[in-house]
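Following: one structure in structure tokens, then a few remarks.
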Number of protein chains: 2
Amino acid sequence: MALRTGDHGQAATNGLKEKVLTLDTMNPCVRKVEYAVRGPIVLRALELEQELRQGVKKPFTEVIRANIGDAQAMGQTPITFLRQVLALCVHPDLLNSPDFPDDAKRRAERILQACGGHSLGAYSISSGTQLIREDVARYIERRDGGIPADPNNIFLSTGASDAIVTLLKLLVAGEGRTRTGVLIPIPQYPLYSAALAELSAVQVDYYLDEERAWALDVAELRRALLQARDHCRPRALCIINPGNPTGQVQTRECIEAVIRFAFEEGLFLLADEVLAGAPAGRGRRAAARAPVTHPAVARPPVQVYQDNVYAEGSQFHSFKKVLTEMGPPYAARQELASFHSVSKGYMGECGFRGGYVELVNMDAAVQQQMQKLRSVRLCPPTPGQVLLDVAVSPPAPSDPSFAQFQAEKRAVLAELAAKAKLTEQVFNETPGIRCNPVQGAMYSFPRVQLPPRAVQRAQELGLAPDMFFCLRLLEETGICVVPGSGFGQREGTYHFRMTILPPMEKLRPLLETLSQFHAKFTREYS
Amino acid sequence: MALRTGDHGQAATNGLKEKVLTLDTMNPCVRKVEYAVRGPIVLRALELEQELRQGVKKPFTEVIRANIGDAQAMGQTPITFLRQVLALCVHPDLLNSPDFPDDAKRRAERILQACGGHSLGAYSISSGTQLIREDVARYIERRDGGIPADPNNIFLSTGASDAIVTLLKLLVAGEGRTRTGVLIPIPQYPLYSAALAELSAVQVDYYLDEERAWALDVAELRRALLQARDHCRPRALCIINPGNPTGQVQTRECIEAVIRFAFEEGLFLLADEVLAGAPAGRGRRAAARAPVTHPAVARPPVQVYQDNVYAEGSQFHSFKKVLTEMGPPYAARQELASFHSVSKGYMGECGFRGGYVELVNMDAAVQQQMQKLRSVRLCPPTPGQVLLDVAVSPPAPSDPSFAQFQAEKRAVLAELAAKAKLTEQVFNETPGIRCNPVQGAMYSFPRVQLPPRAVQRAQELGLAPDMFFCLRLLEETGICVVPGSGFGQREGTYHFRMTILPPMEKLRPLLETLSQFHAKFTREYS
């Protein structure tokens, strides 16, 4: 019955039919994708958890997943007000319940009014609910000291990853030597390398300077660009600030230099500001004078953390603000996309997949194309939109939920700051481990010395040396961290990424166990 | 400062810099994407709504969006039990509330136990929460009369669209004449054409037979395949059952013939069964004897609808079941992916973006590649996962929520059935409109005769004739439907897709208005 007497018909007859979709016939770009954060080491961690549940004897009693920035999985409690508003939106019968504060109810009613059929079950428009985009715009204006933000330039997304991939997708064109190149930092968050592989775009690496606390150096950007122009057409520059996995916060001077560079070289800027966390917004300035009265929440130190940035002397500057304040020609011309999410910061609401991108100076016709492209996927999930709305417009000092909200938020940020400090300190007291200050965000990326015999042993096993180290660490201690090779690092250096998210009572022993393991590993291979 | 003294450096100096990203330089595949369901007609509908709000005088008082299958936007009430369980998961303090039934609480506790940190705010594993995939597998087994389903072959997704695009992405390879071709029905749901354009795969059209109620004919599949082999390598066949936009339900004989064809020709089968709706599951068989006691819900007719299929003599058959029952060589060899979502059916929970795909006979190494690819996007939104879980395992007859759940569900399905019948009837009473039976799903796709002068006028305006008709309809009546040209149709025929979702009291006048408008339009251009 086959139309051609080729392989298919023949195989069908003798029953030895090959599969249609095999490693050899599948999309070769997808094969090239790698994603270390959920790679082989995490699959092994899952197996170990399974074995522990089955009663298999191990040198540890639990697997600690310090591989992924998933605060609530590590025990961080959700912020009550966010969940109250969302529960009211999900099940509006609760609007009659005396157990919810009035401001949560007003919020929920306001959001539901803006939904189709007054229900989260309706699609929103593809760029996200108009009201929520307006709230995001007002938040950005507050963050940036009054610089205007237009809701029409804001697209809500399914986590930040979704928006980042959309922007990269728009930018990819050309073939061979005219193929789009995209500059990304090394070390990087591997979403970038994965998306570029999938899109068959050219990844152009620029190295952050570990010796200067992962600073970004324009001379290095220029080197990377110049070399790349031999084999591709570089058209975009990605910056991750605060850094992932590196945890550094870029200075204002650095951001200005990057913007000048991008402008002069004709590069579209992608600013991944996900780890800046959500701001205190209108509530923040008032926080210092508002009493913390909620009895159930421990009173945090009085210090007010800006966003997710806790190192002294560090401050988060948004690319949008710096760009605008630089004035002409940059302010009105330089193209920029800035990404945010509700997964990180004090909210830690990863599972809801809420996020947004703000577009600055994008060509209007391209922006319409983006609108069209987004519409094919209908809309970002509405619950993530709701959480984003609450995160960008937290309770005001006059609201009944203000005190509890502030207390919960500050408790989370105070603990993160303490954990950042502890992590840096313990690592730097360990011979053979060196850790830059964790200035913001939730990751540390310490450098580890591995003895030459360990490197050789890893090579015999076909493993990256830091993968070998991390696998041994996991098998012997239950601690799951991600090898630096999954993020990229200078040749001959070895790192791992560890979140600072485990609760304090687990983090301290974890750090000590890790240090001891490194010492033992070093002795073993010396 | 520029490294090259080319355009960039020069332009920077004189301030006449071009944008990096323009229509000319952007991804050409993205430019080719079209998505009629949210295309220009919907943008115009949004503008009209805005104008009405501003008090602009129109020949109508509201815009009725019959363009998109968005039940709750059209006033359908969410199923109480689904929302109760989700509210409890979002805000677990409610587990102490006396206002929630015990079975909803048990469900929520069970789901939270399966979440990282017992919170929806944690990421799930990339393929979706293990417990929920197990529940989906058990549902599939019930649906298919006991044929086994393996949770490891089930991937939860962000709506069905997400999973469909993932599968297409895996399948795309080759260049020029070896480029992957994918057979899709015409008319089709435009996600398919959009995704194929974006992936630069070759769209291979096969036509459904309007004269035989949009039946699928293997001879036509063969014609399409044969012609396509001249210029590409066809590797996959998409079937939409129940049909979107066409609303037909394929017979078992037809499905068997399609499976034989795919097997013989070496095609991966993609079965879009989204519109089958969620099944009654374990509760269904018992439904007839269970009393409907909830006073707030009108008692529906006793007839039990299977899923979303209401035409007499029509029955939904899953591809998985038919494939398995066909035995060797098909059962153990034919590759199949079957897609579902919580957006349609009696749930209508579009905004939550819940869905799943079941993979049958996929190569194990490719399935690992899919797992890896999915992990880059971290996880599907957890609230959609929760709703999916409840939809696939509704309350059992012994549960306190059973009676209300059944009553609400049957009320929705009974109304859909009545609206399907009314739609078909009114259209077929209208001269110049002909509508096949709406056997299932929520769409009608009537054929309209357009007078030659109207066709000519449309061409002068650079519009597809049915786009011209639909735009005029919108401007004069406020009724928003999607032109058939957005879905594909035989040359020289004209259609529109209209959902049957508006509430009965609006649907009847809407249908009559539409008929009258068609008569007027025909007179005007005769």
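Residues in the structure tokens are numbered from 1 in each chain, the chains being A, B, ... in the order shown, and ligands are numbered from 1 in the order shown.
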Tell me which protein, DNA and RNA residues are within 12 Å of stretch 431-437 of chain B, counting only C-alpha atoms, leaving out same-chain ones fewer than 5 positions away, and put them as a ChimeraX atom specification. /B:209-215,243,245-249,309-314,417,419-426,442-451,493-498,511,514-523
Excluding B:Ser124 and residues on its chain fewer than 4 positions from it, collect all residues at most 7 Å away from it, counting only C-alpha atoms, and give them as a compact mmCIF listing (two decimals) with C-alpha atoms, in the first residue's frame.
```txt
# COMPACT_ATOMS: atom_id res chain seq x y z
CA GLY A 351 5.64 26.98 40.68
CA CYS B 115 4.72 19.11 46.21
CA GLY B 116 8.22 20.30 47.13
CA GLY B 128 4.87 17.42 36.22
CA THR B 129 4.16 16.21 39.76
CA CYS B 379 7.92 23.08 35.07
```
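Here atom CA of A:Tyr35 and atom CA of B:Glu198 stand 22.9 Å from one another.
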Dump as a VMD selection string the residues of chain A that approach chain B to within 6 Å, counting only C-alpha atoms. chain A and resid 2 8 12 22 to 23 26 to 27 70 72 to 73 75 83 87 90 to 91 116 to 117 120 to 123 170 to 173 264 to 266 349 to 353 366 381 to 382
Shortest interatomic distance to B:Glu408 - which of B:Ile79, B:Ile255, B:Leu48, B:Ala219, counting only C-alpha atoms: B:Ile79
Write out as a ChimeraX atom specification all residues of stretch 95-259 of chain B that backbone DSSP assigns to helix (DSSP H, G or I). /B:95-96,102-113,116-118,130-143,151-153,159-171,176-178,191-198,210-212,218-228,252-259
Can you work out the spacing between atom CA of B:Phe405 and atom CA of B:Leu501 in Å, to one decimal?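 If I compute the distance from atom CA of B:Phe405 to atom CA of B:Leu501, I get 20.3 Å.
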How would you write, as a list of chain:residue names, the set of residues in stretch 15-157 of chain B that DSSP gives as strand (DSSP E)? B:Ile64, B:Arg65, B:Ile154, B:Phe155, B:Leu156, B:Ser157
Based on the selection just made, write C-alpha atoms of those residues as a tab-separated table (two decimals), in the first residue's frame.
```tsv
chain	number	residue	atom	x	y	z
B	64	ILE	CA	-19.97	39.25	21.64
B	65	ARG	CA	-16.73	37.33	21.37
B	154	ILE	CA	2.91	11.33	30.52
B	155	PHE	CA	4.22	14.89	30.45
B	156	LEU	CA	2.14	17.68	31.97
B	157	SER	CA	2.22	20.92	29.99
```
Length of the atom CA of B:Ala104 to atom CA of B:Ala396 vector [Å]: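 That distance, rounded to one decimal, is 11.7 Å.
Checking A:Lys409, A:Ile111, A:Asn244, A:Leu473 one by one against A:Thr513, counting only C-alpha atoms, you find the shortest gap at A:Leu473.
Nearest to A:Gln130 of all the residues A:Thr166, A:Gln385, A:Gln404, A:Gln315 is A:Gln385, based on only C-alpha atoms.
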